[in-house]
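Input: a single structure, listed below in structure tokens.
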Amino acid sequence: MEYQGSFRVGQSDNLRYNYHIAKKKLWTGAVIVVAAILVLTGLFRYGQSGDIVQALINTLPFALGGGALLLLVNLLVMFLRLRTLYQKRRIVPFTQQIRFDREGIHASSERGSVDLPWKRLQGVTETRRDFYLFLDASTTYLVPKGQLENAADADTLRQIFHAYADKAQLRLRG
């Protein structure tokens, strides 16, 4: 079983990847802010009104707004940081050719080429729009599903990952 494809990785792909990596921290931070605002402001209002349920209900919109604001600010900072890196050409779009076969992952781009055995793969995560192949803490290959030739290619990739990668490391949708 084998699959080969060529993929153009640009700013929008990089933004999706960065969100995927940071989403747990972003959402956890937003939940903590909601809880902190709810508790602190709710206790203050409780001291004024004497009704804890009403105080928490009155505080809820402010708490949700604070959590949403934190989430939006973090996403905006992430977007602006990436856009600046692309504008300064510290990060540039690139085309990668990837082949998956029984021996492993064979990738090449303008930056060079690499042949990796399946045992070096630390995880595969499938999202609605991408496959992420994690090699280590700083190296990830991105396979954008929108650039696959057809829907059957996503099924082929899943079959390859199930056949050759460590099952405990797979987080696939299908």
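So you can find residues: chains in the structure tokens are A, B, ... in the order shown, residues in each start at 1, and ligands are numbered from 1 in order.
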*Within 8 Å of Glu126 in chain A, counting only C-alpha atoms, which residues qualify if same-chain residues fewer than 5 places away don't, as a PyMOL selection string?*
chain A and resi 131-132+171-173
Those selected residues, please, written with N, CA and C atoms and delivered as a PDB file, in the first residue's frame.
```
ATOM      1  N   PHE A 131      -4.351  16.352   7.997  1.00  0.00           N
ATOM      2  CA  PHE A 131      -3.664  15.288   8.728  1.00  0.00           C
ATOM      3  C   PHE A 131      -2.383  15.918   9.273  1.00  0.00           C
ATOM      4  N   TYR A 132      -2.097  15.711  10.554  1.00  0.00           N
ATOM      5  CA  TYR A 132      -0.849  16.174  11.159  1.00  0.00           C
ATOM      6  C   TYR A 132      -0.045  14.945  11.548  1.00  0.00           C
ATOM      7  N   ARG A 171      -4.970   9.232  15.974  1.00  0.00           N
ATOM      8  CA  ARG A 171      -6.212   9.931  16.302  1.00  0.00           C
ATOM      9  C   ARG A 171      -6.869  10.307  14.977  1.00  0.00           C
ATOM     10  N   LEU A 172      -7.495   9.316  14.377  1.00  0.00           N
ATOM     11  CA  LEU A 172      -8.097   9.491  13.061  1.00  0.00           C
ATOM     12  C   LEU A 172      -9.600   9.584  13.175  1.00  0.00           C
ATOM     13  N   ARG A 173     -10.198  10.258  12.205  1.00  0.00           N
ATOM     14  CA  ARG A 173     -11.650  10.451  12.211  1.00  0.00           C
ATOM     15  C   ARG A 173     -12.400   9.260  11.642  1.00  0.00           C
TER      16      ARG A 173
END
```
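Residues within 12 Å of Ala151 in chain A, counting only C-alpha atoms and excluding same-chain residues fewer than 6 positions away, are Arg129, Lys145, Leu157, Arg158 and Gly174 of chain A.
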Selected residues written out, C-alpha atoms, as a PDB file, in the first residue's frame:
```
ATOM      1  CA  ARG A 129      -9.256  19.807   7.196  1.00  0.00           C
ATOM      2  CA  LYS A 145      -7.113  17.354   2.928  1.00  0.00           C
ATOM      3  CA  LEU A 157      -4.040   7.565   4.022  1.00  0.00           C
ATOM      4  CA  ARG A 158      -6.076   6.247   6.974  1.00  0.00           C
ATOM      5  CA  GLY A 174     -12.480   7.404  10.165  1.00  0.00           C
TER       6      GLY A 174
END
```
_Residues of range 10-173 of chain A classed as helix (DSSP H, G or I) by DSSP on the backbone are to be reported as a ChimeraX atom specification._
/A:11-49,52-87,118-120,145-147,151-164,167-169
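Minimum atom-to-atom distances from A:Val143, A:Ala68, A:Val124, A:Val34 to Ile98 in chain A were compared using only C-alpha atoms, and the lowest value belongs to A:Val143.
Interatomic distance, CA of Lys88 in chain A to CA of His106 in chain A: 29.9 Å.
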_Need to verify the contact set: Arg89 in chain A, 12 Å, only C-alpha atoms, exclusion of same-chain residues closer than 5 positions in sequence. Can you return it as a ChimeraX atom specification?_
/A:10-11,82-84,94
For the residues in the current selection, export N, CA and C atoms as a PDB file, in the first residue's frame.
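Below is the file that was written, result-v3.pdb:
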```
ATOM      1  N   GLY A  10       0.910  26.888   3.033  1.00  0.00           N
ATOM      2  CA  GLY A  10       0.980  28.339   3.096  1.00  0.00           C
ATOM      3  C   GLY A  10       0.539  28.883   4.440  1.00  0.00           C
ATOM      4  N   GLN A  11       0.243  30.166   4.466  1.00  0.00           N
ATOM      5  CA  GLN A  11      -0.083  30.857   5.706  1.00  0.00           C
ATOM      6  C   GLN A  11      -1.354  30.311   6.354  1.00  0.00           C
ATOM      7  N   LEU A  82       1.884  35.376  12.866  1.00  0.00           N
ATOM      8  CA  LEU A  82       2.164  34.587  11.661  1.00  0.00           C
ATOM      9  C   LEU A  82       2.206  35.469  10.419  1.00  0.00           C
ATOM     10  N   ARG A  83       1.256  36.393  10.324  1.00  0.00           N
ATOM     11  CA  ARG A  83       1.228  37.272   9.157  1.00  0.00           C
ATOM     12  C   ARG A  83       2.511  38.093   9.069  1.00  0.00           C
ATOM     13  N   THR A  84       2.982  38.585  10.206  1.00  0.00           N
ATOM     14  CA  THR A  84       4.227  39.357  10.243  1.00  0.00           C
ATOM     15  C   THR A  84       5.410  38.497   9.816  1.00  0.00           C
ATOM     16  N   PHE A  94       5.741  26.797   0.990  1.00  0.00           N
ATOM     17  CA  PHE A  94       6.596  25.824   0.323  1.00  0.00           C
ATOM     18  C   PHE A  94       5.750  24.661  -0.178  1.00  0.00           C
TER      19      PHE A  94
END
```
Please provide the set of residues having any atom within 12 Å of Ala165 in chain A, restricted to only C-alpha atoms, with same-chain residues fewer than 6 positions apart removed, written as an mmCIF file with N, CA and C atoms, in the first residue's frame.
```cif
data_model
loop_
_atom_site.group_PDB
_atom_site.id
_atom_site.type_symbol
_atom_site.label_atom_id
_atom_site.label_comp_id
_atom_site.auth_asym_id
_atom_site.auth_seq_id
_atom_site.Cartn_x
_atom_site.Cartn_y
_atom_site.Cartn_z
ATOM 1 N N PHE A 100 4.143 7.853 1.182
ATOM 2 C CA PHE A 100 3.981 6.920 2.290
ATOM 3 C C PHE A 100 4.019 5.519 1.696
ATOM 4 N N ASP A 101 4.886 4.679 2.236
ATOM 5 C CA ASP A 101 4.929 3.290 1.790
ATOM 6 C C ASP A 101 5.284 2.393 2.975
ATOM 7 N N ARG A 102 5.541 1.142 2.702
ATOM 8 C CA ARG A 102 5.801 0.166 3.760
ATOM 9 C C ARG A 102 7.025 0.539 4.602
ATOM 10 N N GLU A 103 8.018 1.161 3.995
ATOM 11 C CA GLU A 103 9.252 1.508 4.707
ATOM 12 C C GLU A 103 9.084 2.729 5.609
ATOM 13 N N GLY A 104 8.212 3.661 5.232
ATOM 14 C CA GLY A 104 8.040 4.856 6.044
ATOM 15 C C GLY A 104 7.544 6.049 5.257
ATOM 16 N N ILE A 105 7.975 7.212 5.713
ATOM 17 C CA ILE A 105 7.561 8.486 5.127
ATOM 18 C C ILE A 105 8.760 9.068 4.397
ATOM 19 N N LEU A 116 11.953 8.728 6.661
ATOM 20 C CA LEU A 116 11.713 8.393 8.064
ATOM 21 C C LEU A 116 11.012 7.049 8.181
ATOM 22 N N PRO A 117 11.545 6.156 8.990
ATOM 23 C CA PRO A 117 10.831 4.895 9.231
ATOM 24 C C PRO A 117 9.598 5.149 10.091
ATOM 25 N N TRP A 118 8.623 4.281 10.008
ATOM 26 C CA TRP A 118 7.369 4.445 10.745
ATOM 27 C C TRP A 118 7.591 4.528 12.259
ATOM 28 N N LYS A 119 8.627 3.870 12.769
ATOM 29 C CA LYS A 119 8.859 3.880 14.218
ATOM 30 C C LYS A 119 9.231 5.262 14.735
ATOM 31 N N ARG A 120 9.682 6.167 13.870
ATOM 32 C CA ARG A 120 10.001 7.540 14.294
ATOM 33 C C ARG A 120 8.759 8.411 14.419
ATOM 34 N N LEU A 121 7.661 7.963 13.855
ATOM 35 C CA LEU A 121 6.420 8.732 13.899
ATOM 36 C C LEU A 121 5.823 8.657 15.302
ATOM 37 N N GLN A 122 5.641 9.817 15.936
ATOM 38 C CA GLN A 122 5.122 9.834 17.300
ATOM 39 C C GLN A 122 3.610 10.001 17.362
ATOM 40 N N GLY A 123 2.980 10.328 16.254
ATOM 41 C CA GLY A 123 1.534 10.444 16.269
ATOM 42 C C GLY A 123 0.978 10.961 14.960
ATOM 43 N N VAL A 124 -0.266 10.613 14.703
ATOM 44 C CA VAL A 124 -1.003 11.116 13.550
ATOM 45 C C VAL A 124 -2.352 11.594 14.063
ATOM 46 N N THR A 125 -2.670 12.842 13.773
ATOM 47 C CA THR A 125 -3.953 13.407 14.162
ATOM 48 C C THR A 125 -4.663 13.883 12.909
ATOM 49 N N LEU A 133 1.190 14.886 11.071
ATOM 50 C CA LEU A 133 2.090 13.779 11.397
ATOM 51 C C LEU A 133 3.191 14.338 12.294
ATOM 52 N N PHE A 134 3.188 13.933 13.551
ATOM 53 C CA PHE A 134 4.133 14.448 14.537
ATOM 54 C C PHE A 134 5.345 13.531 14.616
ATOM 55 N N LEU A 135 6.523 14.107 14.367
ATOM 56 C CA LEU A 135 7.763 13.341 14.435
ATOM 57 C C LEU A 135 8.455 13.549 15.774
ATOM 58 N N LEU A 157 -4.983 7.140 2.979
ATOM 59 C CA LEU A 157 -4.040 7.565 4.022
ATOM 60 C C LEU A 157 -4.383 6.925 5.364
ATOM 61 N N ARG A 158 -5.663 6.893 5.717
ATOM 62 C CA ARG A 158 -6.076 6.247 6.974
ATOM 63 C C ARG A 158 -5.655 4.779 6.988
ATOM 64 N N GLN A 159 -5.876 4.080 5.867
ATOM 65 C CA GLN A 159 -5.500 2.672 5.783
ATOM 66 C C GLN A 159 -3.990 2.492 5.945
ATOM 67 N N ARG A 171 -4.970 9.232 15.974
ATOM 68 C CA ARG A 171 -6.212 9.931 16.302
ATOM 69 C C ARG A 171 -6.869 10.307 14.977
ATOM 70 N N LEU A 172 -7.495 9.316 14.377
ATOM 71 C CA LEU A 172 -8.097 9.491 13.061
ATOM 72 C C LEU A 172 -9.600 9.584 13.175
#
```
*Can you list, as a PyMOL selection string, all residues belonging to range 52-158 of chain A that DSSP tags as strand (DSSP E)?*
chain A and resi 94-100+104-109+112-117+123-126+130-134+140-144
Could you save those same residues with N, CA and C atoms as a short mmCIF file (atom, residue, chain, number, x, y, z; two decimals), in the first residue's frame?
```
data_model
loop_
_atom_site.label_atom_id
_atom_site.label_comp_id
_atom_site.auth_asym_id
_atom_site.auth_seq_id
_atom_site.Cartn_x
_atom_site.Cartn_y
_atom_site.Cartn_z
N PHE A 94 5.74 26.80 0.99
CA PHE A 94 6.60 25.82 0.32
C PHE A 94 5.75 24.66 -0.18
N THR A 95 6.30 23.96 -1.12
CA THR A 95 5.66 22.76 -1.67
C THR A 95 6.44 21.55 -1.16
N GLN A 96 5.70 20.58 -0.67
CA GLN A 96 6.34 19.35 -0.20
C GLN A 96 5.76 18.17 -0.97
N GLN A 97 6.64 17.25 -1.31
CA GLN A 97 6.22 16.00 -1.92
C GLN A 97 6.38 14.93 -0.84
N ILE A 98 5.31 14.19 -0.61
CA ILE A 98 5.35 13.15 0.42
C ILE A 98 4.92 11.82 -0.20
N ARG A 99 5.66 10.78 0.15
CA ARG A 99 5.28 9.42 -0.24
C ARG A 99 5.24 8.58 1.03
N PHE A 100 4.14 7.85 1.18
CA PHE A 100 3.98 6.92 2.29
C PHE A 100 4.02 5.52 1.70
N GLY A 104 8.21 3.66 5.23
CA GLY A 104 8.04 4.86 6.04
C GLY A 104 7.54 6.05 5.26
N ILE A 105 7.97 7.21 5.71
CA ILE A 105 7.56 8.49 5.13
C ILE A 105 8.76 9.07 4.40
N HIS A 106 8.56 9.44 3.15
CA HIS A 106 9.62 10.02 2.33
C HIS A 106 9.13 11.40 1.91
N ALA A 107 9.79 12.44 2.38
CA ALA A 107 9.34 13.80 2.11
C ALA A 107 10.48 14.62 1.52
N SER A 108 10.11 15.51 0.61
CA SER A 108 11.11 16.42 0.06
C SER A 108 10.44 17.76 -0.22
N SER A 109 11.24 18.80 -0.10
CA SER A 109 10.79 20.16 -0.40
C SER A 109 12.01 20.97 -0.81
N GLY A 112 15.02 20.47 1.48
CA GLY A 112 15.76 19.21 1.54
C GLY A 112 14.81 18.03 1.53
N SER A 113 15.37 16.86 1.80
CA SER A 113 14.54 15.66 1.80
C SER A 113 14.88 14.80 3.01
N VAL A 114 13.93 13.92 3.34
CA VAL A 114 14.12 13.06 4.50
C VAL A 114 13.37 11.74 4.27
N ASP A 115 13.94 10.67 4.76
CA ASP A 115 13.30 9.36 4.75
C ASP A 115 13.18 8.92 6.20
N LEU A 116 11.95 8.73 6.66
CA LEU A 116 11.71 8.39 8.06
C LEU A 116 11.01 7.05 8.18
N PRO A 117 11.55 6.16 8.99
CA PRO A 117 10.83 4.90 9.23
C PRO A 117 9.60 5.15 10.09
N GLY A 123 2.98 10.33 16.25
CA GLY A 123 1.53 10.44 16.27
C GLY A 123 0.98 10.96 14.96
N VAL A 124 -0.27 10.61 14.70
CA VAL A 124 -1.00 11.12 13.55
C VAL A 124 -2.35 11.59 14.06
N THR A 125 -2.67 12.84 13.77
CA THR A 125 -3.95 13.41 14.16
C THR A 125 -4.66 13.88 12.91
N GLU A 126 -5.91 13.49 12.79
CA GLU A 126 -6.73 13.94 11.67
C GLU A 126 -7.75 14.93 12.18
N ASP A 130 -7.23 18.60 7.89
CA ASP A 130 -5.83 18.24 7.73
C ASP A 130 -5.50 16.91 8.41
N PHE A 131 -4.35 16.35 8.00
CA PHE A 131 -3.66 15.29 8.73
C PHE A 131 -2.38 15.92 9.27
N TYR A 132 -2.10 15.71 10.55
CA TYR A 132 -0.85 16.17 11.16
C TYR A 132 -0.05 14.95 11.55
N LEU A 133 1.19 14.89 11.07
CA LEU A 133 2.09 13.78 11.40
C LEU A 133 3.19 14.34 12.29
N PHE A 134 3.19 13.93 13.55
CA PHE A 134 4.13 14.45 14.54
C PHE A 134 5.34 13.53 14.62
N THR A 140 6.62 18.61 12.50
CA THR A 140 5.31 18.10 12.13
C THR A 140 5.13 18.22 10.63
N TYR A 141 4.61 17.18 10.02
CA TYR A 141 4.24 17.26 8.61
C TYR A 141 2.75 17.48 8.52
N LEU A 142 2.38 18.34 7.59
CA LEU A 142 0.98 18.70 7.39
C LEU A 142 0.54 18.19 6.02
N VAL A 143 -0.58 17.47 6.00
CA VAL A 143 -1.17 17.02 4.75
C VAL A 143 -2.57 17.65 4.68
N PRO A 144 -2.72 18.75 3.92
CA PRO A 144 -4.02 19.40 3.81
C PRO A 144 -5.00 18.53 3.01
#
```
*Residue neighbourhood Gly65 in chain A, 12 Å, only C-alpha atoms, exclusion window fewer than 2 positions, as a VMD selection string*: chain A and resid 30 to 31 33 to 35 37 to 38 59 to 63 67 to 73
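Minimum atom-to-atom distance to Ala22 in chain A, evaluated using only C-alpha atoms, belongs to A:Leu75 out of A:Leu85, A:Ala36, A:Asp136, A:Leu75.
In terms of minimum interatomic distance to Gly5 in chain A, A:Thr156 ranks closest within A:Gln169, A:Thr156, A:His162, A:Phe44, counting only C-alpha atoms.
Proximity ranking of A:Leu26, A:Val77, A:Tyr19, A:Glu110 relative to Val92 in chain A places A:Glu110 first, based on only C-alpha atoms.
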*List the neighbours of Val53 in chain A out to 12 Å using only C-alpha atoms; skip same-chain residues closer than 4 positions along the sequence, and give me the result as a PyMOL selection string.*
chain A and resi 38-39+42-43+45-46+49+57-60
*What separation in Å, quoted to one decimal, exists between CA of Leu170 in chain A and CA of Gln147 in chain A?*
21.3 Å
